[in-house]
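Undergrad: Sending over a structure as structure tokens; questions will come in a sec.
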Amino acid sequence: MPDQISAWLVWLLLVGCLISLPVAAQQGADARREAMQTMPGVTSDYWREVVSGTKGSTQSRSPGADSLIMIEGERWRELRNTWVSPGGAIALGGSLAAITFFYLLVGRIKLVNPRTGRVVERWSRWDRTIHWYTASLFIILALTGLSILYAKWFLMPLLPTSVWGGFMLAAKNIHNYLGPLFALGVLAMIVKWVRHNFFNLTDLKWFLKGGGLVGKGHPSAGFLNGGEKVWFWMIVFVGLTVVGSGLVLDFPNFGQSRETMQITLLIHAGASLLLTAAAFGHIYIGTLGTEGAFEGMKTGYVDEAWAKQHHDLWYEQVKDQAVPAEQVLSQPDQSAAPTRQAGSS
């Protein structure tokens, strides 16, 4: 009986609150209207100017301090919620869907010939250090950035307010502080590998054969094929756009206006989502999608069968440097291996 009485009291309280909401809202509106009417100089024309973004006067010299309402903020919100967020979700989902469809249709690209047991060096220790440094930061930044953009739709309803607030604060700080470190990795990758990534006639033939999916036989390729070069130039142009816009957002104390920061944020989000969608394909091809590909970036060495199948022109240059896999992969410091390949430094 007491439980039933308590339940009825709760329901009556909720109903009373719902009934009183319109009354309270009307009273609040009346109070605000009365307050505005009693303020000297506050007229309808005044509020029209405020809403239209008309600037006033202030002793503050901060950018945007002379505007009571930043109308650009509403435009930014509409662009972010109408175009960037949905467009990014479509790009990410489309990329994952395409990868899944490709895997189900084609499957893993396996080695045509058995492994020889002899390997050639493909990536030096310095190459792999740069790659894993930048890749690790990219994954962390992608996860925190996507959390900032999308987590409120699916994670916030599941977490207590305090936990949600702490999570988002951590995501923002991690994203902001690791961004400049990621920039160093991107610059190092560009400087280290740019000489391998200029397109040539061999790459054109590689594209015409769809990287081996069109026609018979695997197309010839040098140290890097056409697809790898496309990914590199995406890092150059899209990656540097992400880095540059991120640095502008990271250091707002150089006189940027709010409008500049808003535009930069849209550019940063759009470029980041595009790079992440493309990265899904790069990660798939380098791991699950191609047998033997991950070994090159893990150990620095690839089997002769893999090198001849995927990069035959490069293999012809380095085949004399092949050594037994046991001789190389059993060494604690692989950079001390007696041979080096000509394709990397």
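Naming works like this for the structure tokens: A, B, ... for the chains as they're shown, residue 1 at the start of each chain, ligands 1 onward in shown order.
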Run DSSP on the backbone and give me the residues of region 89-130 of chain A it puts in strand (DSSP E), as a PyMOL selection string.
TA: chain A and resi 118-121
Undergrad: Write the residues you've just listed into a file as a PDB file, in the first residue's frame, and include N, CA, C and O atoms for each of them.
TA:
ATOM      1  N   ARG A 118      63.192 -17.551 -49.118  1.00  0.00           N
ATOM      2  CA  ARG A 118      64.225 -16.517 -49.211  1.00  0.00           C
ATOM      3  C   ARG A 118      63.539 -15.153 -49.246  1.00  0.00           C
ATOM      4  O   ARG A 118      62.482 -14.999 -49.863  1.00  0.00           O
ATOM      5  N   VAL A 119      64.113 -14.176 -48.592  1.00  0.00           N
ATOM      6  CA  VAL A 119      63.475 -12.872 -48.458  1.00  0.00           C
ATOM      7  C   VAL A 119      64.410 -11.768 -48.917  1.00  0.00           C
ATOM      8  O   VAL A 119      65.645 -11.936 -48.960  1.00  0.00           O
ATOM      9  N   VAL A 120      63.798 -10.632 -49.269  1.00  0.00           N
ATOM     10  CA  VAL A 120      64.549  -9.423 -49.613  1.00  0.00           C
ATOM     11  C   VAL A 120      64.033  -8.288 -48.728  1.00  0.00           C
ATOM     12  O   VAL A 120      62.854  -8.264 -48.345  1.00  0.00           O
ATOM     13  N   GLU A 121      64.909  -7.366 -48.410  1.00  0.00           N
ATOM     14  CA  GLU A 121      64.506  -6.248 -47.562  1.00  0.00           C
ATOM     15  C   GLU A 121      63.683  -5.252 -48.368  1.00  0.00           C
ATOM     16  O   GLU A 121      64.094  -4.816 -49.443  1.00  0.00           O
TER      17      GLU A 121
END
Undergrad: DSSP says helix (DSSP H, G or I) for which residues of region 210-286 of chain A? Put them as a VMD selection string?
TA: chain A and resid 210 to 212 226 to 250 252 to 254 258 to 286
Undergrad: Let me make sure I understand: among A:Thr241, A:Leu155, A:Gly286, A:Gly255, which one has the smallest atom-to-atom distance to Gly227 (chain A) if we use only C-alpha atoms?
TA: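 Counting only C-alpha atoms, the residue closest to Gly227 (chain A) is A:Gly286.
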Undergrad: With distances taken over only C-alpha atoms, which residue among A:Leu274, A:Val236, A:Ala269, A:Leu204 lies nearest Asn81 (chain A)?
TA: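 Among A:Leu274, A:Val236, A:Ala269, A:Leu204, it is A:Ala269 that comes nearest to Asn81 (chain A).
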Undergrad: Give me, as a ChimeraX atom specification, all polymer residues having an atom no more than 12 Å from Gly117 (chain A), counting only C-alpha atoms and skipping those fewer than 4 positions away in the same chain.
TA: /A:113,301-306,322-329
Undergrad: Ile267 (chain A): which residues within 12 Å, counting only C-alpha atoms, same-chain residues fewer than 5 positions away excluded, as number ranges by chain?
TA: A: 76, 79-80, 83-84, 238-246, 248-249, 260-262, 272-274
Undergrad: Any idea what's packed within 10 Å of Ser220 (chain A), counting only C-alpha atoms, ignoring anything in its chain fewer than 2 positions away? Could you give it as a PDB file with N, CA, C and O atoms, in the first residue's frame?
TA:
ATOM      1  N   THR A 202      54.607   2.894 -66.327  1.00  0.00           N
ATOM      2  CA  THR A 202      54.301   1.612 -65.691  1.00  0.00           C
ATOM      3  C   THR A 202      53.066   1.728 -64.813  1.00  0.00           C
ATOM      4  O   THR A 202      52.223   0.815 -64.777  1.00  0.00           O
ATOM      5  N   ASP A 203      52.937   2.851 -64.128  1.00  0.00           N
ATOM      6  CA  ASP A 203      51.756   3.055 -63.280  1.00  0.00           C
ATOM      7  C   ASP A 203      50.488   3.174 -64.121  1.00  0.00           C
ATOM      8  O   ASP A 203      49.422   2.686 -63.707  1.00  0.00           O
ATOM      9  N   LYS A 205      49.869   1.677 -66.949  1.00  0.00           N
ATOM     10  CA  LYS A 205      49.495   0.310 -67.329  1.00  0.00           C
ATOM     11  C   LYS A 205      48.904  -0.441 -66.137  1.00  0.00           C
ATOM     12  O   LYS A 205      47.982  -1.246 -66.301  1.00  0.00           O
ATOM     13  N   TRP A 206      49.426  -0.149 -64.955  1.00  0.00           N
ATOM     14  CA  TRP A 206      48.904  -0.789 -63.739  1.00  0.00           C
ATOM     15  C   TRP A 206      47.450  -0.374 -63.507  1.00  0.00           C
ATOM     16  O   TRP A 206      46.601  -1.208 -63.171  1.00  0.00           O
ATOM     17  N   LYS A 209      44.959  -2.020 -65.926  1.00  0.00           N
ATOM     18  CA  LYS A 209      44.655  -3.400 -65.562  1.00  0.00           C
ATOM     19  C   LYS A 209      43.985  -3.506 -64.199  1.00  0.00           C
ATOM     20  O   LYS A 209      43.799  -4.607 -63.681  1.00  0.00           O
ATOM     21  N   GLY A 211      45.063  -2.852 -61.294  1.00  0.00           N
ATOM     22  CA  GLY A 211      45.924  -3.447 -60.275  1.00  0.00           C
ATOM     23  C   GLY A 211      45.935  -4.962 -60.311  1.00  0.00           C
ATOM     24  O   GLY A 211      46.307  -5.596 -59.321  1.00  0.00           O
ATOM     25  N   GLY A 212      45.554  -5.552 -61.447  1.00  0.00           N
ATOM     26  CA  GLY A 212      45.544  -7.007 -61.576  1.00  0.00           C
ATOM     27  C   GLY A 212      44.163  -7.612 -61.600  1.00  0.00           C
ATOM     28  O   GLY A 212      44.027  -8.828 -61.752  1.00  0.00           O
ATOM     29  N   GLY A 217      47.051 -12.086 -65.627  1.00  0.00           N
ATOM     30  CA  GLY A 217      48.383 -11.753 -65.152  1.00  0.00           C
ATOM     31  C   GLY A 217      48.394 -10.498 -64.303  1.00  0.00           C
ATOM     32  O   GLY A 217      47.548  -9.606 -64.442  1.00  0.00           O
ATOM     33  N   HIS A 218      49.348 -10.440 -63.386  1.00  0.00           N
ATOM     34  CA  HIS A 218      49.476  -9.276 -62.510  1.00  0.00           C
ATOM     35  C   HIS A 218      50.288  -8.204 -63.223  1.00  0.00           C
ATOM     36  O   HIS A 218      51.342  -8.499 -63.793  1.00  0.00           O
ATOM     37  N   GLY A 222      57.051  -1.177 -60.014  1.00  0.00           N
ATOM     38  CA  GLY A 222      58.361  -0.948 -59.427  1.00  0.00           C
ATOM     39  C   GLY A 222      58.301  -1.102 -57.924  1.00  0.00           C
ATOM     40  O   GLY A 222      57.510  -1.892 -57.397  1.00  0.00           O
ATOM     41  N   ASN A 225      53.535   0.490 -56.427  1.00  0.00           N
ATOM     42  CA  ASN A 225      52.622   0.457 -57.569  1.00  0.00           C
ATOM     43  C   ASN A 225      51.768   1.721 -57.607  1.00  0.00           C
ATOM     44  O   ASN A 225      51.861   2.586 -56.725  1.00  0.00           O
ATOM     45  N   LYS A 308      58.078 -10.899 -56.400  1.00  0.00           N
ATOM     46  CA  LYS A 308      57.993 -11.140 -57.838  1.00  0.00           C
ATOM     47  C   LYS A 308      56.570 -10.980 -58.343  1.00  0.00           C
ATOM     48  O   LYS A 308      56.347 -10.496 -59.467  1.00  0.00           O
ATOM     49  N   GLN A 309      55.582 -11.343 -57.517  1.00  0.00           N
ATOM     50  CA  GLN A 309      54.186 -11.255 -57.951  1.00  0.00           C
ATOM     51  C   GLN A 309      53.668  -9.826 -57.962  1.00  0.00           C
ATOM     52  O   GLN A 309      52.965  -9.428 -58.902  1.00  0.00           O
ATOM     53  N   HIS A 310      54.023  -9.042 -56.963  1.00  0.00           N
ATOM     54  CA  HIS A 310      53.428  -7.711 -56.816  1.00  0.00           C
ATOM     55  C   HIS A 310      54.330  -6.567 -57.283  1.00  0.00           C
ATOM     56  O   HIS A 310      53.825  -5.493 -57.627  1.00  0.00           O
ATOM     57  N   HIS A 311      55.624  -6.764 -57.264  1.00  0.00           N
ATOM     58  CA  HIS A 311      56.566  -5.691 -57.635  1.00  0.00           C
ATOM     59  C   HIS A 311      57.723  -6.292 -58.422  1.00  0.00           C
ATOM     60  O   HIS A 311      58.885  -6.237 -58.004  1.00  0.00           O
ATOM     61  N   ASP A 312      57.389  -6.865 -59.582  1.00  0.00           N
ATOM     62  CA  ASP A 312      58.376  -7.627 -60.335  1.00  0.00           C
ATOM     63  C   ASP A 312      59.554  -6.795 -60.817  1.00  0.00           C
ATOM     64  O   ASP A 312      60.697  -7.268 -60.836  1.00  0.00           O
ATOM     65  N   LEU A 313      59.310  -5.542 -61.221  1.00  0.00           N
ATOM     66  CA  LEU A 313      60.401  -4.701 -61.708  1.00  0.00           C
ATOM     67  C   LEU A 313      61.389  -4.391 -60.579  1.00  0.00           C
ATOM     68  O   LEU A 313      62.608  -4.373 -60.779  1.00  0.00           O
ATOM     69  N   TRP A 314      60.859  -4.137 -59.396  1.00  0.00           N
ATOM     70  CA  TRP A 314      61.721  -3.913 -58.237  1.00  0.00           C
ATOM     71  C   TRP A 314      62.452  -5.193 -57.860  1.00  0.00           C
ATOM     72  O   TRP A 314      63.643  -5.169 -57.523  1.00  0.00           O
TER      73      TRP A 314
END
Undergrad: From the list A:Ala279, A:Val194, A:Val112, A:Leu213, which residue is nearest Phe138 (chain A) when using only C-alpha atoms?
TA: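 Nearest candidate to Phe138 (chain A) out of A:Ala279, A:Val194, A:Val112, A:Leu213: A:Ala279.
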Undergrad: How far is it from CA of Phe199 (chain A) to CA of Gly226 (chain A), in Å with one decimal?
TA: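 These atoms are spaced 7.2 Å apart.
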Undergrad: One decimal, Å: what's the distance from CA of Phe294 (chain A) over to CA of Ala97 (chain A), could you say?
TA: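 Straight-line distance from CA of Phe294 (chain A) to CA of Ala97 (chain A) works out to 22.1 Å.
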Undergrad: Select, from A:Gly179, A:Gly185, A:Pro86, A:Tyr315, the residue with the minimum atom-to-atom distance to Tyr133 (chain A), counting only C-alpha atoms.
TA: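 Nearest to Tyr133 (chain A): A:Gly185.
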